[in-house]
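Structure data follow from structure13.json (JSON, C-alpha atoms):
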```
[["chain", "number", "residue", "atom", "x", "y", "z"],
["A", 93, "LEU", "CA", 152.12, 98.99, 129.46],
["A", 94, "PRO", "CA", 151.27, 102.41, 130.86],
["A", 95, "SER", "CA", 153.84, 103.67, 133.34],
["A", 96, "GLN", "CA", 151.31, 103.71, 136.19],
["A", 97, "VAL", "CA", 150.93, 99.92, 135.98],
["A", 98, "PRO", "CA", 153.51, 98.30, 138.26],
["A", 99, "VAL", "CA", 155.29, 95.43, 136.55],
["A", 100, "ALA", "CA", 157.64, 92.77, 137.87],
["A", 101, "LEU", "CA", 159.27, 89.69, 136.44],
["A", 102, "ALA", "CA", 159.66, 86.60, 138.62],
["A", 103, "CYS", "CA", 161.76, 83.80, 137.15],
["A", 104, "SER", "CA", 163.25, 80.66, 138.64],
["A", 105, "ALA", "CA", 166.32, 80.92, 136.39],
["A", 106, "PRO", "CA", 169.69, 82.32, 137.55],
["A", 107, "GLU", "CA", 170.05, 86.10, 137.39],
["A", 108, "THR", "CA", 172.80, 86.13, 134.77],
["A", 109, "ARG", "CA", 170.69, 84.08, 132.36],
["A", 110, "VAL", "CA", 167.57, 86.20, 132.95],
["A", 111, "MET", "CA", 169.40, 89.51, 132.49],
["A", 112, "GLU", "CA", 171.25, 88.36, 129.37],
["A", 113, "SER", "CA", 167.99, 87.10, 127.82],
["A", 114, "LEU", "CA", 166.06, 90.27, 128.60],
["A", 115, "GLU", "CA", 168.86, 92.44, 127.26],
["A", 116, "ALA", "CA", 169.16, 90.38, 124.07],
["A", 117, "MET", "CA", 165.42, 90.77, 123.45],
["A", 118, "GLY", "CA", 165.45, 94.48, 124.28],
["A", 119, "LEU", "CA", 163.05, 93.98, 127.20],
["A", 120, "LEU", "CA", 165.25, 94.84, 130.17],
["A", 121, "ASP", "CA", 163.82, 98.36, 130.55],
["A", 122, "PHE", "CA", 160.24, 97.07, 130.72],
["A", 123, "PHE", "CA", 160.79, 95.40, 134.09],
["A", 124, "PRO", "CA", 161.74, 97.73, 136.94],
["A", 125, "VAL", "CA", 161.59, 94.76, 139.33],
["A", 126, "ILE", "CA", 163.22, 91.44, 138.47],
["A", 127, "VAL", "CA", 163.22, 88.50, 140.88],
["A", 128, "CYS", "CA", 165.51, 85.59, 140.04],
["A", 129, "ALA", "CA", 166.48, 82.26, 141.58],
["A", 130, "GLU", "CA", 169.10, 83.86, 143.85],
["A", 131, "ASP", "CA", 166.54, 86.23, 145.40],
["A", 132, "VAL", "CA", 164.44, 83.56, 147.13],
["A", 133, "ALA", "CA", 165.06, 80.49, 149.25],
["A", 134, "ARG", "CA", 162.68, 78.21, 147.34],
["A", 135, "GLY", "CA", 161.84, 78.17, 143.64],
["A", 136, "ARG", "CA", 158.79, 76.93, 141.82],
["A", 137, "PRO", "CA", 156.37, 75.42, 142.56],
["A", 138, "ASP", "CA", 156.76, 77.35, 145.82],
["A", 139, "PRO", "CA", 155.30, 80.88, 145.43],
["A", 140, "ASP", "CA", 158.22, 82.69, 147.16],
["A", 141, "GLY", "CA", 159.40, 84.34, 143.93],
["A", 142, "ILE", "CA", 156.04, 85.72, 142.91],
["A", 143, "LEU", "CA", 155.24, 86.85, 146.45],
["A", 144, "TYR", "CA", 158.55, 88.69, 146.63],
["A", 145, "ALA", "CA", 157.87, 90.32, 143.25],
["A", 146, "ALA", "CA", 154.44, 91.47, 144.49],
["A", 147, "GLN", "CA", 156.06, 92.84, 147.63],
["A", 148, "GLN", "CA", 158.62, 94.75, 145.57],
["A", 149, "ILE", "CA", 155.89, 96.50, 143.53],
["A", 150, "GLU", "CA", 153.96, 97.11, 146.76],
["A", 151, "ARG", "CA", 150.83, 95.21, 145.75],
["A", 152, "PRO", "CA", 149.00, 92.48, 147.65],
["A", 153, "PRO", "CA", 148.82, 89.22, 145.66],
["A", 154, "ILE", "CA", 145.06, 89.58, 145.17],
["A", 155, "ARG", "CA", 145.74, 92.76, 143.15],
["A", 156, "CYS", "CA", 148.26, 91.04, 140.86],
["A", 157, "VAL", "CA", 147.97, 89.11, 137.61],
["A", 158, "LEU", "CA", 150.56, 86.48, 136.86],
["A", 159, "ILE", "CA", 151.20, 85.72, 133.21],
["A", 160, "GLY", "CA", 152.81, 82.31, 132.94],
["A", 161, "ASN", "CA", 153.24, 79.38, 130.62],
["A", 162, "GLY", "CA", 153.49, 76.41, 132.96],
["A", 163, "ASN", "CA", 151.43, 74.62, 135.58],
["A", 164, "ALA", "CA", 153.96, 75.31, 138.34],
["A", 165, "SER", "CA", 153.60, 79.08, 137.84],
["A", 166, "VAL", "CA", 149.83, 78.90, 137.50],
["A", 167, "GLU", "CA", 149.39, 76.81, 140.63],
["A", 168, "ALA", "CA", 151.81, 78.92, 142.69],
["A", 169, "ALA", "CA", 149.93, 82.09, 141.75],
["A", 170, "ARG", "CA", 146.53, 80.54, 142.47],
["A", 171, "ASP", "CA", 147.77, 79.35, 145.87],
["A", 172, "VAL", "CA", 148.46, 82.95, 146.92],
["A", 173, "GLY", "CA", 145.29, 84.45, 145.43],
["A", 174, "MET", "CA", 146.64, 85.97, 142.23],
["A", 175, "ALA", "CA", 144.66, 86.05, 139.03],
["A", 176, "VAL", "CA", 146.37, 84.04, 136.30],
["A", 177, "VAL", "CA", 146.68, 84.29, 132.54],
["A", 178, "GLY", "CA", 148.06, 81.11, 131.05],
["A", 179, "VAL", "CA", 149.98, 81.41, 127.78],
["A", 180, "ALA", "CA", 149.63, 78.04, 126.10],
["A", 181, "GLY", "CA", 151.98, 78.53, 123.16],
["A", 182, "ARG", "CA", 152.33, 75.15, 121.47],
["A", 183, "THR", "CA", 151.11, 73.14, 124.46],
["A", 184, "PRO", "CA", 147.45, 72.15, 124.74],
["A", 185, "ALA", "CA", 145.33, 74.82, 126.43],
["A", 186, "TYR", "CA", 143.79, 72.21, 128.72],
["A", 187, "ASP", "CA", 147.19, 71.89, 130.44],
["A", 188, "LEU", "CA", 146.54, 75.34, 131.98],
["A", 189, "THR", "CA", 142.95, 74.83, 133.16],
["A", 190, "ALA", "CA", 143.75, 76.28, 136.59],
["A", 191, "ALA", "CA", 144.36, 79.68, 134.95],
["A", 192, "ASP", "CA", 141.58, 82.29, 134.94],
["A", 193, "LEU", "CA", 142.21, 83.00, 131.27],
["A", 194, "VAL", "CA", 144.17, 80.98, 128.70],
["A", 195, "VAL", "CA", 145.53, 82.54, 125.51],
["A", 196, "ARG", "CA", 147.59, 80.93, 122.79],
["A", 197, "SER", "CA", 150.00, 83.90, 122.64],
["A", 198, "LEU", "CA", 150.41, 87.31, 124.26],
["A", 199, "ASP", "CA", 148.95, 88.88, 121.11],
["A", 200, "GLU", "CA", 145.56, 87.61, 122.26],
["A", 201, "LEU", "CA", 145.80, 89.39, 125.61],
["A", 202, "SER", "CA", 144.07, 92.75, 125.87],
["A", 203, "PHE", "CA", 143.51, 95.41, 128.48],
["A", 204, "MET", "CA", 139.85, 94.36, 128.59],
["A", 205, "ASN", "CA", 140.83, 90.75, 129.40],
["A", 206, "LEU", "CA", 142.86, 91.97, 132.35],
["A", 207, "LYS", "CA", 140.17, 94.40, 133.48],
["A", 208, "HIS", "CA", 137.67, 91.53, 133.47],
["A", 209, "LEU", "CA", 139.93, 89.50, 135.77],
["A", 210, "PHE", "CA", 139.85, 92.30, 138.35],
["A", 211, "ARG", "CA", 136.09, 92.71, 137.99],
["A", 212, "GLU", "CA", 135.74, 89.03, 138.95],
["A", 213, "GLU", "CA", 138.06, 89.61, 141.91],
["A", 214, "GLN", "CA", 135.92, 92.52, 143.08],
["A", 215, "LYS", "CA", 132.79, 90.36, 142.99],
["A", 216, "VAL", "CA", 134.49, 87.78, 145.18],
["A", 217, "SER", "CA", 135.77, 90.52, 147.48],
["A", 218, "PHE", "CA", 132.28, 92.05, 147.91],
["A", 219, "GLU", "CA", 130.76, 88.62, 148.55],
["A", 220, "LEU", "CA", 133.37, 87.89, 151.21],
["A", 221, "GLU", "CA", 132.78, 91.28, 152.87],
["A", 222, "GLU", "CA", 129.03, 90.64, 153.03],
["A", 223, "GLU", "CA", 129.63, 87.16, 154.41],
["A", 224, "LEU", "CA", 132.00, 88.51, 157.06],
["A", 225, "GLU", "CA", 129.51, 91.20, 158.07],
["A", 226, "LEU", "CA", 126.85, 88.54, 158.62],
["A", 227, "GLU", "CA", 129.20, 86.37, 160.66],
["A", 228, "SER", "CA", 130.81, 89.11, 162.72],
["A", 229, "GLU", "CA", 130.47, 88.90, 166.45],
["A", 230, "PRO", "CA", 130.68, 91.78, 168.89],
["A", 231, "GLU", "CA", 134.29, 92.50, 169.70],
["A", 232, "GLN", "CA", 135.48, 91.80, 173.19],
["A", 233, "ALA", "CA", 138.47, 93.37, 174.84],
["A", 234, "ARG", "CA", 141.54, 91.30, 174.03],
["A", 235, "PRO", "CA", 145.09, 91.64, 175.22],
["A", 236, "GLN", "CA", 147.27, 93.62, 172.83],
["A", 237, "VAL", "CA", 150.13, 91.74, 171.22],
["A", 238, "GLN", "CA", 152.69, 93.34, 168.96],
["A", 239, "THR", "CA", 154.94, 91.28, 166.72],
["A", 240, "LEU", "CA", 157.92, 92.67, 164.89],
["A", 241, "VAL", "CA", 159.07, 90.74, 161.85],
["A", 242, "GLN", "CA", 162.21, 91.69, 160.01],
["A", 243, "ASP", "CA", 162.40, 90.06, 156.57],
["A", 244, "ARG", "CA", 165.72, 89.98, 154.82],
["A", 245, "TRP", "CA", 164.98, 89.08, 151.26]]
```
Could you render the structure from this file as structure tokens?
Amino acid sequence: LPSQVPVALACSAPETRVMESLEAMGLLDFFPVIVCAEDVARGRPDPDGILYAAQQIERPPIRCVLIGNGNASVEAARDVGMAVVGVAGRTPAYDLTAADLVVRSLDELSFMNLKHLFREEQKVSFELEEELELESEPEQARPQVQTLVQDRW
């Protein structure tokens, strides 16, 4: 991947197992952000891990693509608005029907596939903006409220 594309790995496995596996495969340097089981309070199917990974690469979920091989990952990503590429491997492709795109292996994934996913997101975004413009009401003076949230991930 080009260096300007932010990349993160979110995994529900323990950190030692994830790091050992990535190092053994020679992939550790490809992931500047790695989120493991110890980094979040709840694992899959809860989307905490993927949301934290998106936060770490400073991208809103709608601007992220999750690449996963199981329904729990696919559904968690869809719940937070991420585009999803399902990697079927040896399992039937119909098991990943909630994904935006299903490939048998990563070899089938191309830059154009990913670009298309964002083009679809932009269409939805423009449609929502137009809908909001039609529904907007004149703003009235409202009391100002400020909330400070301190997350400790």
Residue nearest Glu107 (chain A) - candidates A:Ser202, A:Cys128, A:Leu120, A:Ala180, atoms counted: only C-alpha atoms:
A:Cys128
Would you work out the distance separating CA of Phe210 (chain A) from CA of Val132 (chain A), expressed in Å to one decimal?
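Between these atoms lies a distance of 27.5 Å.
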Within 9 Å of (146.7, 84.2, 144.0) in the file's own coordinates, which protein, DNA or RNA residues have an atom, counting all atoms listed in the file? List them as a list of chain:residue names.
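Selection result: A:Pro153, A:Ile154, A:Arg155, A:Cys156, A:Val157, A:Leu158, A:Val166, A:Glu167, A:Ala168, A:Ala169, A:Arg170, A:Asp171, A:Val172, A:Gly173, A:Met174, A:Ala175, A:Val176.
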Which value, in Å to one decimal, gives the distance between CA of Asp131 (chain A) and CA of Ser113 (chain A)?
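So the answer is 17.7 Å.
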What is the distance between CA of Phe122 (chain A) and CA of Asn205 (chain A), in Å to one decimal?
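Rounded to one decimal, the two atoms are 20.5 Å apart.
Contact shell of Gly160 (chain A) at 7 Å (all atoms listed in the file; same-chain neighbours under 6 positions omitted): Val166, Val177, Gly178 and Val179 of chain A.
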